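What's in my_file18.cif: mmCIF, C-alpha atoms
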data_my_file
loop_
_atom_site.label_atom_id
_atom_site.label_comp_id
_atom_site.auth_asym_id
_atom_site.auth_seq_id
_atom_site.Cartn_x
_atom_site.Cartn_y
_atom_site.Cartn_z
CA MET A 1 -9.09 -72.00 -1.29
CA ARG A 2 -12.73 -70.97 -0.79
CA VAL A 3 -13.31 -67.55 0.76
CA GLY A 4 -16.79 -66.53 1.88
CA VAL A 5 -17.90 -62.93 1.42
CA VAL A 6 -20.98 -62.07 3.47
CA THR A 7 -23.67 -59.81 2.01
CA PHE A 8 -25.90 -58.00 4.51
CA PRO A 9 -28.77 -55.70 3.53
CA GLY A 10 -26.82 -52.50 2.81
CA SER A 11 -23.41 -54.05 2.08
CA LEU A 12 -21.63 -52.14 -0.71
CA ASP A 13 -18.20 -53.62 -1.18
CA ASP A 14 -19.05 -57.33 -1.28
CA GLN A 15 -18.52 -57.54 -5.07
CA ASP A 16 -15.13 -55.82 -4.86
CA ALA A 17 -14.12 -58.12 -2.01
CA ALA A 18 -15.13 -61.17 -4.06
CA ARG A 19 -13.20 -59.79 -7.03
CA ALA A 20 -10.10 -59.29 -4.86
CA VAL A 21 -10.37 -62.91 -3.73
CA ARG A 22 -10.53 -64.08 -7.38
CA LEU A 23 -7.63 -61.82 -8.43
CA SER A 24 -5.51 -63.37 -5.68
CA GLY A 25 -6.24 -66.84 -7.02
CA GLY A 26 -8.96 -67.92 -4.60
CA GLU A 27 -12.58 -68.92 -5.10
CA ALA A 28 -15.11 -66.39 -3.78
CA VAL A 29 -18.21 -67.89 -2.17
CA SER A 30 -21.23 -65.61 -1.64
CA LEU A 31 -22.67 -65.92 1.85
CA TRP A 32 -26.00 -64.35 2.81
CA HIS A 33 -26.67 -62.70 6.17
CA GLY A 34 -29.52 -65.16 6.75
CA ASP A 35 -27.38 -68.27 6.17
CA ALA A 36 -27.33 -70.77 9.03
CA ASP A 37 -23.81 -72.03 8.20
CA LEU A 38 -20.63 -70.94 6.41
CA HIS A 39 -20.86 -73.44 3.49
CA GLY A 40 -17.52 -74.95 4.49
CA VAL A 41 -15.39 -71.94 3.48
CA ASP A 42 -11.73 -71.65 4.52
CA ALA A 43 -11.96 -67.96 5.46
CA VAL A 44 -14.50 -65.11 5.55
CA VAL A 45 -14.45 -61.45 4.51
CA LEU A 46 -16.98 -59.08 6.08
CA PRO A 47 -17.22 -56.27 3.53
CA GLY A 48 -17.74 -52.53 3.76
CA GLY A 49 -21.01 -50.69 3.38
CA PHE A 50 -23.89 -49.65 5.59
CA SER A 51 -25.48 -52.85 6.86
CA TYR A 52 -29.05 -52.22 8.05
CA GLY A 53 -28.58 -48.55 7.14
CA ASP A 54 -26.11 -48.11 10.02
CA TYR A 55 -29.25 -47.81 12.19
CA LEU A 56 -28.71 -47.90 15.97
CA ARG A 57 -24.89 -48.11 15.62
CA CYS A 58 -22.72 -49.23 12.70
CA GLY A 59 -22.80 -53.03 12.65
CA ALA A 60 -24.99 -53.28 15.76
CA ILE A 61 -27.91 -55.03 14.05
CA ALA A 62 -25.85 -57.04 11.54
CA ARG A 63 -23.91 -58.43 14.50
CA PHE A 64 -27.00 -60.50 15.39
CA ALA A 65 -27.67 -61.78 11.83
CA PRO A 66 -28.01 -65.59 11.63
CA VAL A 67 -24.71 -66.04 9.76
CA MET A 68 -22.84 -64.36 12.63
CA GLY A 69 -23.46 -67.32 14.97
CA PRO A 70 -21.33 -69.81 13.00
CA LEU A 71 -18.92 -67.02 12.05
CA ILE A 72 -18.23 -66.11 15.68
CA ASP A 73 -17.76 -69.80 16.57
CA GLY A 74 -15.44 -70.23 13.59
CA ALA A 75 -13.41 -67.11 14.43
CA ARG A 76 -12.92 -68.32 18.01
CA GLY A 77 -11.69 -71.62 16.59
CA GLY A 78 -9.09 -69.97 14.34
CA LEU A 79 -11.00 -69.36 11.08
CA PRO A 80 -9.36 -66.42 9.26
CA VAL A 81 -11.79 -63.47 9.23
CA LEU A 82 -11.11 -60.05 7.70
CA GLY A 83 -13.53 -57.21 8.45
CA ILE A 84 -13.16 -54.15 6.26
CA CYS A 85 -14.77 -50.82 7.21
CA ASN A 86 -18.35 -51.84 8.12
CA GLY A 87 -16.92 -55.34 8.62
CA PHE A 88 -14.45 -53.93 11.17
CA GLN A 89 -17.32 -52.18 12.98
CA LEU A 90 -19.19 -55.48 12.95
CA LEU A 91 -16.26 -57.42 14.46
CA CYS A 92 -16.03 -54.83 17.26
CA GLU A 93 -19.78 -55.03 17.93
CA ALA A 94 -19.44 -58.83 18.05
CA HIS A 95 -16.59 -58.44 20.58
CA LEU A 96 -14.24 -60.45 18.38
CA LEU A 97 -12.03 -57.35 18.38
CA PRO A 98 -11.66 -54.78 21.18
CA GLY A 99 -12.85 -51.19 20.89
CA ALA A 100 -15.41 -49.46 18.70
CA LEU A 101 -15.59 -47.14 15.70
CA VAL A 102 -17.22 -43.74 16.23
CA ARG A 103 -18.02 -40.76 14.02
CA ASN A 104 -14.94 -39.05 12.55
CA ASP A 105 -13.73 -36.31 14.90
CA HIS A 106 -14.00 -33.68 12.12
CA ARG A 107 -17.63 -34.84 11.49
CA THR A 108 -17.24 -35.11 7.72
CA PHE A 109 -17.00 -38.16 5.48
CA VAL A 110 -13.44 -38.89 4.38
CA CYS A 111 -12.58 -40.41 0.99
CA ARG A 112 -8.96 -40.46 -0.11
CA ASP A 113 -5.91 -42.51 -1.02
CA GLN A 114 -4.42 -43.25 2.40
CA SER A 115 -0.85 -44.13 3.36
CA LEU A 116 -0.57 -46.87 5.98
CA ARG A 117 2.22 -48.65 7.79
CA ILE A 118 1.76 -52.42 8.15
CA GLU A 119 2.87 -53.36 11.66
CA ARG A 120 1.74 -56.94 12.28
CA THR A 121 2.77 -59.46 9.64
CA ASP A 122 2.24 -62.82 11.40
CA THR A 123 -1.46 -62.97 10.53
CA PRO A 124 -3.01 -64.99 7.68
CA TRP A 125 -3.98 -61.66 6.08
CA THR A 126 -0.65 -59.80 6.23
CA SER A 127 2.19 -62.34 5.94
CA GLN A 128 3.12 -61.11 2.45
CA TYR A 129 3.97 -57.64 3.77
CA ALA A 130 7.25 -56.66 5.41
CA ALA A 131 6.93 -55.31 8.95
CA GLY A 132 7.01 -51.52 8.73
CA GLU A 133 6.15 -51.53 5.02
CA GLU A 134 4.27 -48.47 3.79
CA ILE A 135 1.32 -48.97 1.43
CA VAL A 136 -1.44 -46.83 -0.11
CA VAL A 137 -5.08 -47.98 -0.29
CA PRO A 138 -8.42 -46.11 -0.40
CA LEU A 139 -10.03 -44.93 2.84
CA LYS A 140 -13.70 -43.93 2.87
CA ASN A 141 -15.74 -43.64 6.03
CA GLY A 142 -17.98 -41.46 8.14
CA GLU A 143 -17.56 -43.42 11.35
CA GLY A 144 -13.97 -44.61 11.32
CA GLY A 145 -12.59 -43.21 14.54
CA TYR A 146 -11.11 -46.16 16.44
CA VAL A 147 -11.64 -45.74 20.19
CA VAL A 148 -10.88 -48.01 23.13
CA ASP A 149 -9.81 -47.43 26.72
CA GLU A 150 -6.20 -46.51 27.47
CA ARG A 151 -5.39 -49.82 29.19
CA THR A 152 -6.53 -51.85 26.17
CA LEU A 153 -4.58 -49.53 23.85
CA ASP A 154 -1.42 -50.25 25.85
CA GLU A 155 -2.18 -53.99 25.72
CA LEU A 156 -2.70 -53.90 21.94
CA GLU A 157 0.63 -52.12 21.50
CA ALA A 158 2.50 -54.40 23.92
CA GLU A 159 1.13 -57.56 22.29
CA GLY A 160 1.84 -56.26 18.79
CA ARG A 161 -1.81 -56.45 17.78
CA VAL A 162 -1.93 -53.17 15.85
CA VAL A 163 -2.03 -54.42 12.25
CA ALA A 164 -1.90 -51.07 10.43
CA ARG A 165 -1.51 -47.41 11.36
CA TYR A 166 -2.33 -44.22 9.46
CA LEU A 167 0.64 -42.20 8.21
CA GLY A 168 0.50 -38.42 7.91
CA ALA A 169 -2.45 -36.45 9.28
CA ASN A 170 -4.88 -38.62 11.28
CA PRO A 171 -7.85 -38.95 8.88
CA ASN A 172 -10.63 -39.67 11.39
CA GLY A 173 -9.45 -39.14 14.94
CA SER A 174 -8.55 -42.81 15.58
CA TYR A 175 -6.72 -43.22 18.87
CA ARG A 176 -2.96 -43.60 18.26
CA ALA A 177 -3.69 -43.43 14.51
CA ILE A 178 -4.80 -47.07 14.53
CA ALA A 179 -6.20 -48.21 11.16
CA GLY A 180 -6.50 -51.92 11.94
CA VAL A 181 -6.21 -54.36 14.83
CA SER A 182 -6.24 -58.12 15.32
CA ASN A 183 -7.25 -60.57 17.99
CA ALA A 184 -4.46 -62.18 20.03
CA ARG A 185 -4.21 -65.21 17.75
CA GLY A 186 -4.10 -63.02 14.63
CA ASN A 187 -6.75 -64.86 12.62
CA VAL A 188 -9.31 -62.06 13.08
CA VAL A 189 -8.28 -58.73 11.55
CA GLY A 190 -10.31 -55.52 11.31
CA LEU A 191 -9.32 -52.69 8.98
CA MET A 192 -10.94 -49.32 8.33
CA PRO A 193 -9.15 -48.71 4.97
CA HIS A 194 -10.04 -50.78 1.90
CA PRO A 195 -7.37 -53.15 0.50
CA GLU A 196 -9.98 -54.77 -1.78
CA HIS A 197 -10.20 -51.51 -3.76
CA ALA A 198 -6.45 -51.62 -4.48
CA THR A 199 -5.97 -54.93 -6.23
CA GLU A 200 -5.86 -54.14 -9.95
CA PRO A 201 -3.84 -51.52 -11.87
CA GLY A 202 -5.99 -48.62 -13.05
CA TYR A 203 -8.78 -49.17 -10.53
CA GLY A 204 -7.02 -48.41 -7.26
CA PRO A 205 -5.25 -45.36 -5.84
CA ASP A 206 -4.05 -42.61 -8.17
CA PRO A 207 -0.59 -43.18 -9.71
CA ARG A 208 0.39 -39.89 -8.06
CA SER A 209 0.27 -41.82 -4.78
CA GLY A 210 3.59 -43.29 -5.88
CA THR A 211 2.22 -46.84 -6.04
CA ASP A 212 0.87 -48.99 -8.86
CA GLY A 213 -2.51 -49.08 -7.13
CA THR A 214 -2.35 -52.76 -6.13
CA ASP A 215 -0.94 -52.45 -2.61
CA GLY A 216 -4.03 -54.12 -1.16
CA LEU A 217 -3.75 -57.38 -3.10
CA ARG A 218 -1.34 -58.99 -0.65
CA PHE A 219 -4.01 -59.13 2.08
CA PHE A 220 -5.63 -61.73 -0.15
CA THR A 221 -2.51 -63.49 -1.47
CA SER A 222 -1.32 -63.74 2.15
CA LEU A 223 -4.48 -65.69 2.89
CA LEU A 224 -3.81 -68.01 -0.02
CA MET A 225 -0.37 -68.74 1.43
CA ALA A 226 -1.81 -69.30 4.92
CA VAL A 227 -4.78 -71.44 3.96
CA GLY A 228 -4.01 -72.85 0.54
CA GLY A 229 -0.33 -73.45 1.17
CA VAL A 230 0.46 -71.99 -2.24
CA GLY A 231 0.60 -68.52 -3.66
CA PRO A 232 1.55 -66.45 -6.66
CA ARG A 233 4.69 -65.10 -5.00
CA MET B 1 -50.26 -50.85 27.15
CA GLY B 2 -47.06 -50.16 29.09
CA ARG B 3 -43.88 -48.46 28.07
CA VAL B 4 -40.27 -48.69 29.24
CA VAL B 5 -37.84 -45.85 28.60
CA VAL B 6 -34.17 -46.60 28.04
CA ASP B 7 -31.66 -43.75 27.89
CA VAL B 8 -28.17 -44.29 26.50
CA MET B 9 -25.36 -41.71 26.61
CA PRO B 10 -21.85 -41.69 25.14
CA LYS B 11 -19.26 -42.31 27.85
CA PRO B 12 -17.76 -39.07 29.16
CA GLU B 13 -14.26 -39.96 27.92
CA ILE B 14 -15.46 -40.73 24.37
CA LEU B 15 -15.48 -37.85 21.91
CA ASP B 16 -19.06 -36.94 20.91
CA PRO B 17 -18.80 -35.17 17.53
CA GLN B 18 -22.59 -34.80 17.21
CA GLY B 19 -22.86 -33.09 20.59
CA LYS B 20 -19.96 -30.88 19.62
CA ALA B 21 -21.72 -29.87 16.38
CA VAL B 22 -24.87 -28.97 18.31
CA ALA B 23 -22.80 -27.03 20.86
CA GLY B 24 -21.33 -25.06 17.99
CA ALA B 25 -24.74 -24.21 16.53
CA LEU B 26 -26.40 -23.03 19.76
CA PRO B 27 -24.52 -19.72 20.21
CA ARG B 28 -25.07 -18.88 16.55
CA LEU B 29 -28.80 -18.88 17.34
CA GLY B 30 -28.33 -16.70 20.39
CA PHE B 31 -28.42 -19.52 22.99
CA ALA B 32 -25.28 -18.37 24.74
CA ALA B 33 -25.80 -20.02 28.14
CA PHE B 34 -24.70 -23.55 27.20
CA THR B 35 -21.05 -24.47 27.47
CA GLY B 36 -21.30 -28.06 26.28
CA VAL B 37 -23.66 -30.61 24.72
CA ARG B 38 -23.65 -34.41 24.88
CA GLN B 39 -26.07 -36.18 22.56
CA GLY B 40 -27.51 -39.54 23.56
CA LYS B 41 -30.35 -41.86 22.56
CA ARG B 42 -33.78 -42.52 24.06
CA PHE B 43 -35.65 -45.76 23.35
CA GLU B 44 -39.31 -46.37 24.18
CA LEU B 45 -40.11 -50.07 24.44
CA GLU B 46 -43.81 -50.92 24.30
CA VAL B 47 -45.40 -53.96 25.93
CA ASP B 48 -48.89 -55.41 26.05
CA GLY B 49 -50.16 -55.04 29.57
CA GLU B 50 -48.29 -53.86 32.64
CA VAL B 51 -44.60 -53.13 33.05
CA THR B 52 -43.70 -55.88 35.47
CA GLU B 53 -40.37 -56.55 37.15
CA GLU B 54 -39.83 -59.29 34.52
CA VAL B 55 -40.38 -56.79 31.71
CA LEU B 56 -37.93 -54.37 33.30
CA ALA B 57 -35.36 -57.14 33.67
CA GLN B 58 -35.68 -57.91 29.95
CA ALA B 59 -35.36 -54.22 29.11
CA ARG B 60 -32.18 -53.98 31.19
CA GLU B 61 -30.71 -56.96 29.36
CA ALA B 62 -31.73 -55.58 25.94
CA ALA B 63 -30.21 -52.23 26.92
CA THR B 64 -26.76 -53.73 27.48
CA THR B 65 -26.77 -56.32 24.66
CA LEU B 66 -28.32 -54.42 21.74
CA LEU B 67 -29.39 -50.88 22.58
CA SER B 68 -25.96 -49.77 23.81
CA ASN B 69 -22.34 -50.67 23.17
CA PRO B 70 -20.63 -50.82 26.59
CA VAL B 71 -17.29 -49.89 25.00
CA ILE B 72 -18.49 -46.39 24.12
CA GLU B 73 -21.85 -45.88 25.84
CA ASP B 74 -23.51 -46.04 29.26
CA VAL B 75 -27.12 -47.02 29.93
CA VAL B 76 -28.19 -44.20 32.23
CA ARG B 77 -31.87 -45.07 32.70
CA VAL B 78 -34.21 -48.05 32.39
CA GLU B 79 -37.65 -47.36 33.88
CA GLU B 80 -41.37 -47.44 33.26
CA ALA B 81 -42.60 -44.43 31.33
CA PRO B 82 -44.94 -42.28 33.44
#

Could you write out this file's structure as structure tokens?
Amino acid sequence: MRVGVVTFPGSLDDQDAARAVRLSGGEAVSLWHGDADLHGVDAVVLPGGFSYGDYLRCGAIARFAPVMGPLIDGARGGLPVLGICNGFQLLCEAHLLPGALVRNDHRTFVCRDQSLRIERTDTPWTSQYAAGEEIVVPLKNGEGGYVVDERTLDELEAEGRVVARYLGANPNGSYRAIAGVSNARGNVVGLMPHPEHATEPGYGPDPRSGTDGTDGLRFFTSLLMAVGGVGPR
Amino acid sequence: MGRVVVDVMPKPEILDPQGKAVAGALPRLGFAAFTGVRQGKRFELEVDGEVTEEVLAQAREAATTLLSNPVIEDVVRVEEAP
């Protein structure tokens, strides 16, 4: 399984995303924002960071990068795409996912080990989780407040498209504590928290979180099951 | 050389934390008259020559495709700068 990880000017978490792909048993393929095609990859991760310095709006300029043309076509055709943090903002700007991410309601940057509940498990990125399962992965953002109009919120809930929700105090003012959403088909998933930072013992969330720090790995092993037809579990 | 001004504001129903921060700072400086602040963006687009109807049409399109995100913002003005 070959998974593309796109690097934009200002991406930060592309190396960790590539590492998570390798730890799950996949092959990470570096894609550049200026690429005209996706090099035949089976799936794409849009990583976290501050593409184009977050100028204008988060993801607003990256959304028009050359690589986004084939990516948007691919996503509409069913290509699995995971956008994490800045990648989530980018997917919203590209209208592959509904809504937008705005500045945290408390106006400060948040960086913590965050408890989440996984709610949608029939996507290529979440099939290895149990519905309702609680996990802990890092969360770090300044503009992570998920907003969308009330009607769309009701639709997302009714269609079961909320992928993950924050547990405990709402960390950034996201409407209905939404941490991640998917498109109707489920192949496109956007997440504000960072599963790629919780894939190896000793490098993820603190043991005091009650986890072994690898709760995020199954986003990537799920993909291996979905695309590669095989997996470590 | 002509210039087109585009103003973009956060939608009324979307929380504006920056405006709120400014609103909090004003009374501390003695500006007690203001009960709320919304912070938006102003773009000045320069063109060679006159601002024609065609130029304005392009500015309107740019305003809704790149300069604003219709999910959270409204374009409140697109016009030739005086």

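Pairwise distance (CA of Cys85 (chain A), CA of Lys140 (chain A)) equals 8.2 Å.
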
List as a Markdown table every residue of chain A that is in contact with chain B, defined as an atom at most 8 Å from one of its atoms (using only C-alpha atoms), together with the nearest atom pair and the distance in Å rounded to one decimal, sorted by chain and then rising number.
| residue | atom | partner | partner_atom | distance |
| --- | --- | --- | --- | --- |
| A:Leu56 | CA | B:Leu67 | CA | 7.3 |
| A:Ala60 | CA | B:Leu66 | CA | 6.9 |
| A:Ile61 | CA | B:Leu66 | CA | 7.7 |
| A:Glu93 | CA | B:Asn69 | CA | 7.3 |
| A:Gly99 | CA | B:Val71 | CA | 6.2 |
| A:Ala100 | CA | B:Val71 | CA | 6.6 |
| A:Arg103 | CA | B:Pro17 | CA | 6.6 |
| A:Asn104 | CA | B:Pro17 | CA | 7.4 |
| A:Asp105 | CA | B:Pro17 | CA | 5.8 |
| A:His106 | CA | B:Pro17 | CA | 7.4 |
| A:Arg107 | CA | B:Pro17 | CA | 6.2 |
| A:Val147 | CA | B:Ile14 | CA | 7.6 |
| A:Val148 | CA | B:Val71 | CA | 6.9 |

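Residues surrounding region 201-205 of chain A within 9 Å are Arg112, Asp113, Gln114, Val136, Val137, Pro138, Glu196, Thr211, Asp212, Gly213, Thr214, Asp215 and Gly216 of chain A [only C-alpha atoms; sequence separation below 5 positions excluded].
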
Take the residues just selected and output them with C-alpha atoms as a PDB file, keeping the file's coordinate frame.
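Heads up, here's the output in again.pdb:
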ATOM      1  CA  ARG A 112      -8.960 -40.460  -0.110  1.00  0.00           C
ATOM      2  CA  ASP A 113      -5.910 -42.510  -1.020  1.00  0.00           C
ATOM      3  CA  GLN A 114      -4.420 -43.250   2.400  1.00  0.00           C
ATOM      4  CA  VAL A 136      -1.440 -46.830  -0.110  1.00  0.00           C
ATOM      5  CA  VAL A 137      -5.080 -47.980  -0.290  1.00  0.00           C
ATOM      6  CA  PRO A 138      -8.420 -46.110  -0.400  1.00  0.00           C
ATOM      7  CA  GLU A 196      -9.980 -54.770  -1.780  1.00  0.00           C
ATOM      8  CA  THR A 211       2.220 -46.840  -6.040  1.00  0.00           C
ATOM      9  CA  ASP A 212       0.870 -48.990  -8.860  1.00  0.00           C
ATOM     10  CA  GLY A 213      -2.510 -49.080  -7.130  1.00  0.00           C
ATOM     11  CA  THR A 214      -2.350 -52.760  -6.130  1.00  0.00           C
ATOM     12  CA  ASP A 215      -0.940 -52.450  -2.610  1.00  0.00           C
ATOM     13  CA  GLY A 216      -4.030 -54.120  -1.160  1.00  0.00           C
TER      14      GLY A 216
END

Inset, instruction - Check what the PyMOL selection byres ((chain B and resi 78) around 7) selects in the file above and give those residues as a PyMOL selection string. - result: chain B and resi 4-7+60+77+79

Inset, instruction - Give me the residues within 8 Å of Glu73 (chain B) as a count of residues only, counting only C-alpha atoms and dropping any in the same chain fewer than 5 places off. - result: 5

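The residues caught by the PyMOL selection byres ((chain A and resi 101) around 7) in this file are Gln89, Ala100, Val102, Glu143, Gly144, Gly145, Tyr146 and Val147 of chain A.
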
Inset, instruction - Report the residues retrieved by the PyMOL selection byres ((chain B and resi 1-3) around 7) from the displayed file, expressed as a ChimeraX atom specification. - result: /B:4-5,44-51,80-81
